[in-house]
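Shown here: structure25.cif, mmCIF, C-alpha atoms.
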data_work
loop_
_atom_site.label_atom_id
_atom_site.label_comp_id
_atom_site.auth_asym_id
_atom_site.auth_seq_id
_atom_site.Cartn_x
_atom_site.Cartn_y
_atom_site.Cartn_z
CA MET O 986 19.66 -32.43 16.05
CA ASN O 987 22.11 -31.77 18.88
CA SER O 988 20.61 -29.33 21.42
CA SER O 989 23.73 -27.10 21.44
CA VAL O 990 23.66 -26.86 17.65
CA GLU O 991 19.95 -26.05 17.75
CA TYR O 992 20.62 -23.36 20.36
CA ASN O 993 23.31 -21.77 18.17
CA ILE O 994 20.96 -21.73 15.17
CA GLU O 995 18.26 -19.95 17.18
CA LYS O 996 20.86 -17.57 18.67
CA TYR O 997 21.86 -16.26 15.24
CA LYS O 998 18.47 -16.68 13.61
CA MET O 999 16.77 -13.78 15.42
CA PRO O 1000 19.44 -11.16 14.53
CA ALA O 1001 19.31 -12.44 10.94
CA PHE O 1002 15.53 -12.13 11.01
CA TYR O 1003 15.76 -8.49 12.15
CA LEU O 1004 18.36 -7.88 9.44
CA SER O 1005 16.00 -9.27 6.80
CA VAL O 1006 13.15 -7.02 7.95
CA VAL O 1007 15.37 -3.92 8.00
CA ALA O 1008 16.70 -4.88 4.55
CA MET O 1009 13.16 -5.25 3.19
CA LEU O 1010 11.96 -1.93 4.60
CA THR O 1011 15.11 -0.08 3.51
CA GLY O 1012 14.95 -1.69 0.08
CA LEU O 1013 11.28 -0.73 -0.22
CA LEU O 1014 12.22 2.93 -0.07
CA PHE O 1015 15.62 3.02 -1.71
CA SER O 1016 16.63 -0.18 -3.58
CA ARG O 1017 14.72 -2.85 -5.49
CA ALA O 1018 17.71 -5.20 -5.27
CA LEU O 1019 17.90 -4.84 -1.48
CA LEU O 1020 14.13 -5.39 -1.21
CA SER O 1021 14.39 -8.63 -3.20
CA SER O 1022 17.41 -9.78 -1.16
CA GLY O 1023 15.61 -9.01 2.10
CA ILE O 1024 12.54 -10.97 1.02
CA ILE O 1025 14.67 -13.99 0.05
CA LEU O 1026 16.49 -13.94 3.41
CA PHE O 1027 13.18 -13.51 5.29
CA VAL O 1028 11.61 -16.44 3.44
CA VAL O 1029 14.60 -18.73 4.04
CA LEU O 1030 14.72 -17.88 7.77
CA SER O 1031 10.97 -18.42 8.10
CA LEU O 1032 11.22 -21.92 6.64
CA ILE O 1033 14.26 -23.20 8.58
CA HIS O 1034 12.71 -24.97 11.57
CA ARG O 1035 11.35 -28.30 12.67
CA ASN O 1036 7.67 -27.33 12.89
CA ILE O 1037 6.88 -26.98 9.19
CA VAL O 1038 3.78 -29.20 9.50
CA ARG O 1039 2.39 -26.91 12.19
CA GLN O 1040 3.17 -23.90 9.95
CA VAL O 1041 1.20 -25.45 7.08
CA ARG O 1042 -1.71 -26.14 9.43
CA THR O 1043 -1.65 -22.56 10.74
CA PHE O 1044 -1.60 -21.20 7.20
CA PHE O 1045 -4.69 -23.13 6.12
CA THR O 1046 -6.64 -22.37 9.31
CA SER O 1047 -6.03 -18.60 9.16
CA PRO O 1048 -8.51 -16.82 6.83
CA LEU O 1049 -6.22 -13.81 6.45
CA LEU O 1050 -3.22 -15.90 5.38
CA TRP O 1051 -4.82 -18.26 2.88
CA SER O 1052 -7.08 -15.56 1.43
CA MET O 1053 -4.10 -13.27 0.74
CA SER O 1054 -2.48 -16.09 -1.23
CA LEU O 1055 -5.51 -16.07 -3.57
CA LEU O 1056 -4.27 -12.71 -4.87
CA PHE O 1057 -1.44 -14.74 -6.38
CA LEU O 1058 -3.36 -17.93 -7.21
CA LEU O 1059 -6.09 -16.25 -9.28
CA PRO O 1060 -3.58 -14.75 -11.77
CA ALA O 1061 -1.65 -18.05 -11.70
CA ILE O 1062 -4.73 -20.07 -12.70
CA SER O 1063 -5.51 -17.59 -15.49
CA GLY O 1064 -2.37 -18.82 -17.23
CA LEU O 1065 -4.52 -21.70 -18.49
CA TRP O 1066 -6.23 -19.31 -20.91
CA SER O 1067 -3.58 -16.59 -21.31
CA ALA O 1068 -1.96 -16.52 -24.74
CA ASP O 1069 0.99 -14.32 -23.72
CA LEU O 1070 2.74 -16.61 -21.23
CA SER O 1071 5.82 -14.37 -21.10
CA GLN O 1072 3.74 -11.47 -19.77
CA TRP O 1073 1.84 -13.87 -17.49
CA SER O 1074 5.07 -15.20 -15.94
CA ARG O 1075 6.34 -11.65 -15.38
CA ILE O 1076 3.13 -10.82 -13.51
CA LEU O 1077 3.51 -13.92 -11.33
CA ARG O 1078 7.08 -12.97 -10.41
CA VAL O 1079 5.85 -9.58 -9.22
CA LYS O 1080 3.01 -11.14 -7.20
CA LEU O 1081 5.04 -13.99 -5.67
CA PRO O 1082 5.35 -12.32 -2.20
CA LEU O 1083 1.55 -12.56 -1.92
CA LEU O 1084 2.01 -16.33 -1.75
CA LEU O 1085 5.31 -16.57 0.13
CA LEU O 1086 4.91 -13.96 2.88
CA PRO O 1087 1.55 -15.23 4.23
CA PHE O 1088 3.05 -18.71 4.52
CA CYS O 1089 6.13 -17.26 6.26
CA PHE O 1090 3.98 -15.40 8.78
CA ALA O 1091 2.19 -18.65 9.59
CA GLY O 1092 5.41 -19.79 11.28
CA GLU O 1093 6.35 -19.23 14.91
CA ASN O 1094 8.86 -16.38 14.97
CA ASN O 1095 8.55 -15.83 18.75
CA LEU O 1096 8.61 -12.04 18.34
CA LYS O 1097 7.10 -10.11 21.24
CA PHE O 1098 5.27 -6.78 21.21
CA LYS O 1099 8.49 -4.87 21.87
CA ASP O 1100 10.20 -6.59 18.94
CA TRP O 1101 7.51 -5.48 16.50
CA GLN O 1102 7.59 -2.06 18.14
CA ARG O 1103 11.29 -1.76 17.33
CA ILE O 1104 10.47 -2.64 13.73
CA ALA O 1105 7.85 0.13 13.83
CA PHE O 1106 10.51 2.65 14.88
CA VAL O 1107 12.76 1.48 12.02
CA PHE O 1108 9.83 1.95 9.64
CA LEU O 1109 9.18 5.48 10.96
CA ALA O 1110 12.87 6.41 10.67
CA LEU O 1111 12.98 5.21 7.06
CA ILE O 1112 9.82 7.09 6.11
CA PHE O 1113 11.30 10.23 7.67
CA ALA O 1114 14.50 9.70 5.67
CA GLY O 1115 12.40 9.29 2.53
CA ILE O 1116 10.51 12.51 3.27
CA CYS O 1117 13.81 14.38 3.77
CA GLN O 1118 15.13 13.06 0.46
CA SER O 1119 11.94 14.09 -1.32
CA LEU O 1120 11.91 17.58 0.22
CA TRP O 1121 15.58 18.01 -0.71
CA GLN O 1122 14.66 17.36 -4.34
CA TYR O 1123 11.85 19.90 -3.96
CA ALA O 1124 14.22 22.50 -2.52
CA GLN O 1125 16.54 22.24 -5.56
CA SER O 1126 13.98 23.77 -7.93
CA VAL O 1127 11.06 25.15 -5.94
CA HIS O 1128 9.64 27.55 -8.53
CA ALA O 1129 9.93 25.07 -11.40
CA ILE O 1130 8.11 22.42 -9.37
CA HIS O 1131 5.35 24.87 -8.41
CA ALA O 1132 4.78 25.54 -12.11
CA ALA O 1133 4.93 21.80 -12.90
CA TYR O 1134 2.16 21.11 -10.36
CA LEU O 1135 -0.21 22.94 -12.71
CA LYS O 1136 0.33 19.90 -14.92
CA ALA O 1137 0.42 16.17 -14.10
CA TYR O 1138 3.58 16.39 -11.97
CA THR O 1139 4.57 15.65 -8.37
CA ILE O 1140 7.73 15.99 -6.31
CA GLU O 1141 10.10 13.05 -6.69
CA THR O 1142 9.68 10.42 -4.00
CA PRO O 1143 11.35 7.19 -2.88
CA LEU O 1144 10.03 3.83 -4.16
CA GLY O 1145 11.37 4.66 -7.60
CA ASN O 1146 9.24 7.86 -7.66
CA ASP O 1147 6.08 5.87 -6.91
CA HIS O 1148 4.32 8.82 -5.29
CA VAL O 1149 1.01 6.98 -4.81
CA ARG O 1150 2.54 4.18 -2.74
CA PHE O 1151 4.83 6.56 -0.84
CA SER O 1152 1.95 8.84 0.12
CA LEU O 1153 0.11 5.74 1.38
CA LEU O 1154 3.16 4.76 3.45
CA VAL O 1155 3.29 8.25 4.97
CA VAL O 1156 -0.34 7.87 6.07
CA ILE O 1157 0.46 4.43 7.52
CA ALA O 1158 3.41 6.03 9.36
CA ILE O 1159 1.00 8.54 10.91
CA LEU O 1160 -1.30 5.69 11.94
CA THR O 1161 1.71 3.84 13.40
CA ILE O 1162 2.68 6.83 15.54
CA VAL O 1163 -0.89 7.29 16.82
CA TYR O 1164 -1.01 3.59 17.69
CA LEU O 1165 2.32 3.78 19.53
CA LEU O 1166 1.19 6.83 21.51
CA THR O 1167 -2.18 5.27 22.31
CA VAL O 1168 -0.91 1.85 23.39
CA SER O 1169 2.59 2.59 24.72
CA GLY O 1170 2.47 6.33 25.40
CA LYS O 1171 2.55 5.98 29.17
CA SER O 1172 5.74 3.92 29.05
CA PHE O 1173 7.58 6.32 26.72
CA LYS O 1174 9.90 9.03 27.95
CA LYS O 1175 8.73 12.60 27.41
CA SER O 1176 11.44 13.07 24.80
CA THR O 1177 10.20 10.01 22.86
CA LYS O 1178 6.59 11.24 22.92
CA ALA O 1179 7.69 14.70 21.83
CA LEU O 1180 9.70 13.21 18.96
CA LEU O 1181 6.72 11.13 17.82
CA LEU O 1182 4.41 14.17 17.91
CA ILE O 1183 6.92 16.16 15.84
CA LEU O 1184 7.05 13.28 13.34
CA VAL O 1185 3.24 13.32 13.06
CA VAL O 1186 3.32 17.03 12.21
CA ILE O 1187 6.13 16.55 9.67
CA ASN O 1188 4.28 13.67 7.97
CA ILE O 1189 1.03 15.65 7.78
CA ILE O 1190 2.78 18.72 6.37
CA TYR O 1191 4.61 16.58 3.82
CA LEU O 1192 1.33 14.97 2.67
CA HIS O 1193 0.02 18.43 1.81
CA VAL O 1194 3.25 19.51 0.13
CA LEU O 1195 3.32 16.31 -1.94
CA ALA O 1196 -0.42 16.71 -2.64
CA VAL O 1197 -1.15 13.19 -3.87
CA ARG O 1198 -4.85 12.34 -3.71
CA THR O 1199 -4.48 8.79 -2.45
CA GLY O 1200 -2.50 9.88 0.58
CA LEU O 1201 -4.63 12.93 1.31
CA ILE O 1202 -7.97 11.14 1.02
CA CYS O 1203 -6.74 8.26 3.18
CA PHE O 1204 -5.46 10.75 5.77
CA TYR O 1205 -8.70 12.73 5.99
CA LEU O 1206 -10.88 9.63 5.83
CA GLY O 1207 -8.80 8.01 8.59
CA ALA O 1208 -8.77 11.18 10.71
CA PHE O 1209 -12.56 11.52 10.48
CA ILE O 1210 -13.20 7.86 11.37
CA PHE O 1211 -10.66 7.94 14.22
CA LEU O 1212 -12.16 11.12 15.69
CA ILE O 1213 -15.65 9.66 15.55
CA TRP O 1214 -14.24 6.63 17.41
CA MET O 1215 -12.64 8.98 19.96
CA MET O 1216 -16.00 10.64 20.51
CA SER O 1217 -17.58 7.24 21.15
CA GLN O 1218 -14.87 6.62 23.77
CA HIS O 1219 -15.63 9.99 25.39
CA ILE O 1220 -12.06 11.17 24.87
CA ARG O 1221 -11.48 14.85 25.59
CA LYS O 1222 -10.33 17.37 22.97
CA THR O 1223 -12.02 15.37 20.18
CA PHE O 1224 -14.16 18.32 19.08
CA PHE O 1225 -11.10 20.60 18.92
CA LEU O 1226 -9.23 18.06 16.77
CA LEU O 1227 -12.26 17.67 14.49
CA ILE O 1228 -12.34 21.43 13.86
CA LEU O 1229 -8.59 21.33 13.19
CA VAL O 1230 -9.03 18.57 10.59
CA PHE O 1231 -11.70 20.58 8.76
CA LEU O 1232 -9.54 23.71 8.75
CA LEU O 1233 -6.36 21.94 7.65
CA PRO O 1234 -7.11 21.66 3.89
CA ILE O 1235 -8.23 25.30 3.80
CA ALA O 1236 -5.03 26.43 5.48
CA SER O 1237 -2.96 24.16 3.21
CA TYR O 1238 -4.48 25.80 0.13
CA PHE O 1239 -3.04 29.16 1.18
CA ILE O 1240 0.22 27.90 2.73
CA PHE O 1241 1.50 25.27 0.27
CA PRO O 1242 1.77 26.29 -3.42
CA THR O 1243 2.01 22.65 -4.55
CA PHE O 1244 -1.29 21.84 -2.81
CA LYS O 1245 -2.98 24.91 -4.32
CA ASN O 1246 -1.65 24.24 -7.83
CA LYS O 1247 -2.65 20.56 -7.64
CA ILE O 1248 -6.24 21.64 -6.82
CA HIS O 1249 -6.26 23.92 -9.88
CA TYR O 1250 -4.85 21.17 -12.09
CA LEU O 1251 -7.45 18.66 -10.88
CA LYS O 1252 -10.27 21.08 -11.73
CA TYR O 1253 -8.75 21.62 -15.19
CA ASP O 1254 -8.20 17.89 -15.76
CA LEU O 1255 -11.67 16.86 -14.59
CA SER O 1256 -13.29 19.40 -16.91
CA PHE O 1257 -12.10 17.30 -19.88
CA VAL O 1258 -13.24 14.09 -18.22
CA GLN O 1259 -16.74 15.53 -17.83
CA LYS O 1260 -16.79 16.45 -21.53
CA ASN O 1261 -15.32 13.05 -22.48
CA ILE O 1262 -12.47 14.76 -24.33
CA TYR O 1263 -9.08 13.07 -24.63
CA VAL O 1264 -6.12 15.32 -23.83
CA PRO O 1265 -2.58 13.87 -24.19
CA GLY O 1266 -0.89 13.51 -20.80
CA SER O 1267 -4.14 13.96 -18.91
CA ASN O 1268 -3.99 12.27 -15.50
CA ASP O 1269 -7.66 11.70 -14.69
CA GLY O 1270 -8.61 11.45 -18.34
CA ASN O 1271 -6.25 8.51 -18.86
CA ARG O 1272 -7.44 6.85 -15.65
CA PHE O 1273 -11.09 6.98 -16.64
CA ALA O 1274 -10.32 5.82 -20.17
CA SER O 1275 -8.38 2.89 -18.73
CA ILE O 1276 -11.26 1.95 -16.43
CA LYS O 1277 -13.56 2.01 -19.47
CA ALA O 1278 -11.14 -0.43 -21.10
CA GLY O 1279 -11.35 -2.69 -18.04
CA VAL O 1280 -15.14 -2.56 -17.99
CA GLU O 1281 -15.27 -3.41 -21.68
CA LEU O 1282 -12.92 -6.40 -21.27
CA LEU O 1283 -15.07 -7.62 -18.39
CA LYS O 1284 -18.26 -7.25 -20.47
CA GLN O 1285 -16.76 -9.19 -23.35
CA ASN O 1286 -15.30 -11.92 -21.12
CA PRO O 1287 -17.58 -12.13 -18.05
CA PHE O 1288 -16.91 -15.74 -17.05
CA ALA O 1289 -13.14 -16.14 -17.09
CA GLY O 1290 -11.70 -12.82 -18.27
CA VAL O 1291 -8.95 -12.62 -20.88
CA GLY O 1292 -6.25 -14.07 -18.60
CA PHE O 1293 -3.74 -11.88 -16.75
CA GLY O 1294 -1.15 -12.46 -19.46
CA ASP O 1295 -3.38 -10.88 -22.12
CA ILE O 1296 -4.73 -7.81 -20.28
CA LYS O 1297 -2.00 -5.59 -21.75
CA SER O 1298 -2.57 -6.62 -25.37
CA GLU O 1299 -6.37 -6.59 -25.07
CA LYS O 1300 -6.49 -3.11 -23.53
CA ASP O 1301 -4.28 -1.88 -26.39
CA LYS O 1302 -6.89 -3.19 -28.86
CA PHE O 1303 -9.58 -1.28 -26.98
CA TYR O 1304 -7.57 1.95 -27.16
CA GLU O 1305 -6.88 1.51 -30.88
CA THR O 1306 -10.61 1.15 -31.54
CA ASN O 1307 -11.97 3.79 -29.16
CA PHE O 1308 -9.08 6.25 -28.76
CA PRO O 1309 -7.02 5.94 -31.99
CA GLN O 1310 -5.37 9.32 -31.31
CA MET O 1311 -4.05 8.21 -27.89
CA SER O 1312 -0.27 8.19 -27.46
CA THR O 1313 1.50 4.98 -26.41
CA ASN O 1314 2.46 6.40 -23.00
CA ASP O 1315 -1.18 7.14 -22.19
CA LYS O 1316 -2.36 3.57 -22.88
CA ILE O 1317 -2.19 2.44 -19.28
CA LEU O 1318 -3.65 -0.69 -17.69
CA PRO O 1319 -7.19 -0.44 -16.23
CA SER O 1320 -6.56 1.90 -13.30
CA SER O 1321 -8.39 -0.08 -10.62
CA GLU O 1322 -7.44 -3.40 -9.06
CA TRP O 1323 -11.08 -4.48 -9.27
CA MET O 1324 -10.94 -3.97 -13.03
CA ILE O 1325 -7.58 -5.74 -13.28
CA TYR O 1326 -8.89 -8.87 -11.54
CA GLY O 1327 -12.14 -8.57 -13.50
CA ALA O 1328 -10.37 -8.26 -16.85
CA GLY O 1329 -8.03 -11.11 -15.96
CA THR O 1330 -10.47 -13.61 -14.40
CA GLY O 1331 -13.99 -12.29 -15.04
CA TRP O 1332 -16.73 -11.58 -12.53
CA LEU O 1333 -15.43 -14.41 -10.36
CA GLY O 1334 -12.20 -12.45 -10.00
CA VAL O 1335 -14.09 -9.28 -8.99
CA ILE O 1336 -16.05 -11.22 -6.37
CA PHE O 1337 -12.99 -13.00 -4.98
CA PHE O 1338 -10.98 -9.77 -4.88
CA SER O 1339 -13.75 -8.04 -2.93
CA PHE O 1340 -14.01 -11.06 -0.60
CA ILE O 1341 -10.25 -11.04 0.07
CA LEU O 1342 -10.26 -7.34 0.97
CA LEU O 1343 -13.28 -7.78 3.26
CA ILE O 1344 -11.89 -10.70 5.29
CA PRO O 1345 -9.57 -8.56 7.50
CA PHE O 1346 -12.55 -6.56 8.76
CA PHE O 1347 -14.22 -9.70 10.13
CA LEU O 1348 -11.31 -11.40 11.89
CA LYS O 1349 -12.50 -12.36 15.36
CA GLU O 1350 -9.23 -11.38 17.01
CA LEU O 1351 -8.98 -7.87 15.49
CA ARG O 1352 -12.37 -6.77 14.19
CA LYS O 1353 -12.88 -4.35 17.12
CA ASN O 1354 -9.42 -2.80 16.77
CA ILE O 1355 -9.77 0.70 15.27
CA PHE O 1356 -6.14 0.76 14.08
CA TRP O 1357 -6.48 -2.53 12.22
CA THR O 1358 -9.71 -1.30 10.64
CA LEU O 1359 -8.13 1.94 9.48
CA LEU O 1360 -5.08 0.20 8.04
CA ASN O 1361 -7.25 -2.05 5.89
CA ILE O 1362 -9.50 0.83 4.85
CA PHE O 1363 -6.41 2.66 3.58
CA ILE O 1364 -5.19 -0.40 1.67
CA ALA O 1365 -8.59 -1.18 0.13
CA PHE O 1366 -9.31 2.45 -0.81
CA SER O 1367 -5.97 2.77 -2.60
CA TYR O 1368 -7.12 0.09 -5.08
CA LEU O 1369 -10.25 1.93 -6.24
CA PHE O 1370 -8.33 4.04 -8.77
CA ASP O 1371 -4.88 2.48 -8.69
CA ILE O 1372 -3.18 -0.86 -9.38
CA GLY O 1373 -0.77 -1.31 -6.50
CA LEU O 1374 -0.77 -5.10 -6.81
CA GLU O 1375 0.73 -4.93 -10.30
CA VAL O 1376 4.03 -3.43 -9.11
CA GLN O 1377 6.72 -4.83 -6.79
CA TYR O 1378 6.46 -2.03 -4.25
CA GLY O 1379 2.69 -2.26 -4.00
CA VAL O 1380 2.73 -6.03 -3.58
CA PHE O 1381 5.21 -5.75 -0.72
CA VAL O 1382 3.29 -2.93 0.98
CA HIS O 1383 0.10 -4.97 0.86
CA SER O 1384 1.59 -8.24 2.06
CA PHE O 1385 4.24 -7.22 4.59
CA ILE O 1386 2.50 -4.23 6.20
CA ILE O 1387 -0.80 -6.06 6.72
CA LEU O 1388 0.90 -9.21 8.02
CA TRP O 1389 3.24 -7.24 10.30
CA TRP O 1390 0.27 -5.43 11.86
CA TYR O 1391 -1.70 -8.68 12.06
CA LYS O 1392 1.01 -10.17 14.27
CA TRP O 1393 1.77 -6.97 16.18
CA LEU O 1394 -1.75 -5.90 17.13
CA GLN O 1395 -2.62 -9.28 18.65
CA LEU O 1396 0.20 -8.96 21.22
CA LYS O 1397 0.09 -7.07 24.49
CA GLU O 1398 2.85 -4.76 25.65
#

In structure tokens, what does this structure look like?
Amino acid sequence: MNSSVEYNIEKYKMPAFYLSVVAMLTGLLFSRALLSSGIILFVVLSLIHRNIVRQVRTFFTSPLLWSMSLLFLLPAISGLWSADLSQWSRILRVKLPLLLLPFCFAGENNLKFKDWQRIAFVFLALIFAGICQSLWQYAQSVHAIHAAYLKAYTIETPLGNDHVRFSLLVVIAILTIVYLLTVSGKSFKKSTKALLLILVVINIIYLHVLAVRTGLICFYLGAFIFLIWMMSQHIRKTFFLLILVFLLPIASYFIFPTFKNKIHYLKYDLSFVQKNIYVPGSNDGNRFASIKAGVELLKQNPFAGVGFGDIKSEKDKFYETNFPQMSTNDKILPSSEWMIYGAGTGWLGVIFFSFILLIPFFLKELRKNIFWTLLNIFIAFSYLFDIGLEVQYGVFVHSFIILWWYKWLQLKE
């Protein structure tokens, strides 16, 4: 290839790459079509180069990259014993980024620390925009929403009202800000540091207004682990911050009606779970019933599972037998990714899924990085009682966010 032509390709490739990332992140919050378009552009740009052989070699020699692709390959292989191939193919389409994005990140994109940092600021700006949109919806009918929080209701959020994933992204935004202040704080202007601190406060307040358990538990778990790490580093003011973290949920109970009402609803909902009573529309009741369905499918098919294509139909059979009074809307998939992979591919799937989530904690290059550890704790915890990898938004959050941080945290400012 002519050197001048090659230069022109590289000249326009980097702006296009940034455009694809911004499109993906914007689409994640506000548009499925834009998210899909951004992913396609990102994949194409990541494969247009002369070093494809080196990219393949990098992919297969990086435990994080090839292991993430197993999250796609396990469901793909289960098609051999899935009867419902239409449902199976739909699942594979949703999970495709788990195969494509790790391979893309194996390529040499030549991005420096500052480049990823700019992407981080775009991410923070979009999360803030999403929070503003959500709070605007809240402001339109405050009293009605307060009353609705005494039932299984939350404020509308971006990501197609996927409040679990959005609350997780808000926590990751907080972690991003703390990382920026820790690593680059000295090089920031005072105005930039002040803006980031204000954003931290806004994100924390919003988490308590939204009152989604996944986000709140990840936040408090992360705060506790990070403060313990700070104590081990002999960082001042740690004890003060620890006291503040313990007082925060108490204060939130009295300050934010949504937080208070969600606590009351959880106590009400869990009372039926303890008595093993089915109540239509019950949040926790449906989750625990769905996990029972997953456990039962795993017991009946321990070696290979029922195949990802047949999980939906088989769980419906379980509900018809054990909960004949259950409404169609309450017959959800097993509400844990461990149970999904177990139901789909048996105990081997449970073991492989656990193995895949553990690998990031043992990477030689990042295993001592507290921010990397916390990010992967958040991601793994979110799968205990949720199925983020069965929806487009969750698949993208898992693949892109982890891979972005994997590249970013290995670079020096």

Measure the distance from CA of Trp1323 in chain O to CA of Gly1290 in chain O in Å and round it to one decimal.
12.3 Å

Name the residues that the PyMOL selection byres ((chain O and resi 1055) around 9) picks from the file above, as a PyMOL selection string, using the file's chain letters and numbers.
chain O and resi 1051-1054+1056-1060+1083-1084+1337-1338+1341

Could you write out the selected residues, including C-alpha atoms, as a compact mmCIF listing (two decimals), in the frame of the given file?
# COMPACT_ATOMS: atom_id res chain seq x y z
CA TRP O 1051 -4.82 -18.26 2.88
CA SER O 1052 -7.08 -15.56 1.43
CA MET O 1053 -4.10 -13.27 0.74
CA SER O 1054 -2.48 -16.09 -1.23
CA LEU O 1056 -4.27 -12.71 -4.87
CA PHE O 1057 -1.44 -14.74 -6.38
CA LEU O 1058 -3.36 -17.93 -7.21
CA LEU O 1059 -6.09 -16.25 -9.28
CA PRO O 1060 -3.58 -14.75 -11.77
CA LEU O 1083 1.55 -12.56 -1.92
CA LEU O 1084 2.01 -16.33 -1.75
CA PHE O 1337 -12.99 -13.00 -4.98
CA PHE O 1338 -10.98 -9.77 -4.88
CA ILE O 1341 -10.25 -11.04 0.07

Determine, counting all atoms listed in the file, which protein, DNA and RNA residues have an atom within 9 Å of an atom of range 1137-1148 of chain O; residues of the same chain fewer than 3 positions away are not included. Present the result as number ranges by chain.
O: 1012-1017, 1115-1116, 1118-1120, 1122-1123, 1130, 1133-1134, 1151-1153, 1194-1197, 1243, 1247, 1250-1251, 1254, 1266-1268, 1378

Using only C-alpha atoms, can you tell me which of O:Leu1030, O:Ala1068, O:Ala1114, O:Leu1343 comes closest to Leu1086 in chain O?
O:Leu1030

Go ahead and compute the interatomic distance for CA of Gly1279 in chain O and CA of Leu1077 in chain O, in Å to one decimal.
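About the pair CA of Gly1279 in chain O and CA of Leu1077 in chain O: they are 19.8 Å apart.
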
Picked residues, the PyMOL selection byres ((chain O and resi 1358) around 10), as a PyMOL selection string
chain O and resi 1207+1210-1211+1345-1347+1351-1357+1359-1363

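Here the PyMOL selection byres ((chain O and resi 1169) around 12) captures the residues O:Phe1098, O:Lys1099, O:Gln1102, O:Thr1161, O:Ile1162, O:Val1163, O:Tyr1164, O:Leu1165, O:Leu1166, O:Thr1167, O:Val1168, O:Gly1170, O:Lys1171, O:Ser1172, O:Phe1173, O:Lys1174, O:Thr1177, O:Lys1178, O:Leu1181, O:Lys1397, O:Glu1398.
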
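The space between CA of Ser1237 in chain O and CA of Phe1113 in chain O spans 20.4 Å.
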
Nearest to Ala1110 in chain O, chosen from O:Leu1085, O:Ala1124, O:Val1007, O:Arg1198, with only C-alpha atoms counted in the distances
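With only C-alpha atoms as the atom set, the closest residue is O:Val1007.
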
Hey, which of O:Asn1286, O:Thr1223, O:Ser1217, O:Ser1275 ends up closest to Leu1318 in chain O? Count all atoms listed in the file.
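Under the stated criterion, the closest residue is O:Ser1275.
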
Using only C-alpha atoms, find each residue in range 1054-1157 of chain O having at least one atom no more than 10 Å away from range 1039-1048 of chain O; report its shortest atom-to-atom pair and that distance in Å (one decimal), rows by chain then rising number, as a Markdown table.
| residue | atom | partner | partner_atom | distance |
| --- | --- | --- | --- | --- |
| O:Ser1054 | CA | O:Phe1044 | CA | 9.9 |
| O:Pro1087 | CA | O:Phe1044 | CA | 7.4 |
| O:Phe1088 | CA | O:Phe1044 | CA | 5.9 |
| O:Cys1089 | CA | O:Gln1040 | CA | 8.2 |
| O:Phe1090 | CA | O:Phe1044 | CA | 8.2 |
| O:Ala1091 | CA | O:Phe1044 | CA | 5.2 |
| O:Gly1092 | CA | O:Gln1040 | CA | 4.9 |
| O:Glu1093 | CA | O:Gln1040 | CA | 7.5 |

So that all listed atoms of range 1293-1304 of chain O fit with 6 Å spare on each side, what axis-aligned box centre and edge lengths in Å, to one decimal, would you give as lines of an AutoDock Vina configuration file?
center_x = -5.4
center_y = -5.3
center_z = -22.8
size_x = 20.4
size_y = 26.4
size_z = 24.1

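Restricting the calculation to only C-alpha atoms, the smallest distance between Cys1203 in chain O and any of O:Phe1366, O:Phe1108, O:Phe1241, O:Trp1332 is found for O:Phe1366.
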
Name all residues at most 12 Å from Asp1100 in chain O (count only C-alpha atoms; drop same-chain ones fewer than 6 positions away) and give them as a list in words.
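Selected residues are Met999, Pro1000, Phe1002, Tyr1003, Val1006, Asn1094, Phe1106, Val1107, Trp1389, Lys1392, Trp1393, Leu1396, Lys1397 and Glu1398 of chain O.
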
Let me make sure I understand: among O:Gly1023, O:Gly1373, O:Pro1082, O:Pro1287, which one has the smallest atom-to-atom distance to Pro1319 in chain O if we use only C-alpha atoms?
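Among the listed residues, O:Gly1373 lies closest to Pro1319 in chain O.
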
Anything within 8 Å of (-11.9, -7.2, -7.1): list those residues as a list of chain:residue names, counting only C-alpha atoms and sticking to the file's coordinates.
O:Glu1322, O:Trp1323, O:Met1324, O:Ile1325, O:Tyr1326, O:Gly1327, O:Gly1334, O:Val1335, O:Ile1336, O:Phe1337, O:Phe1338, O:Ser1339, O:Phe1340
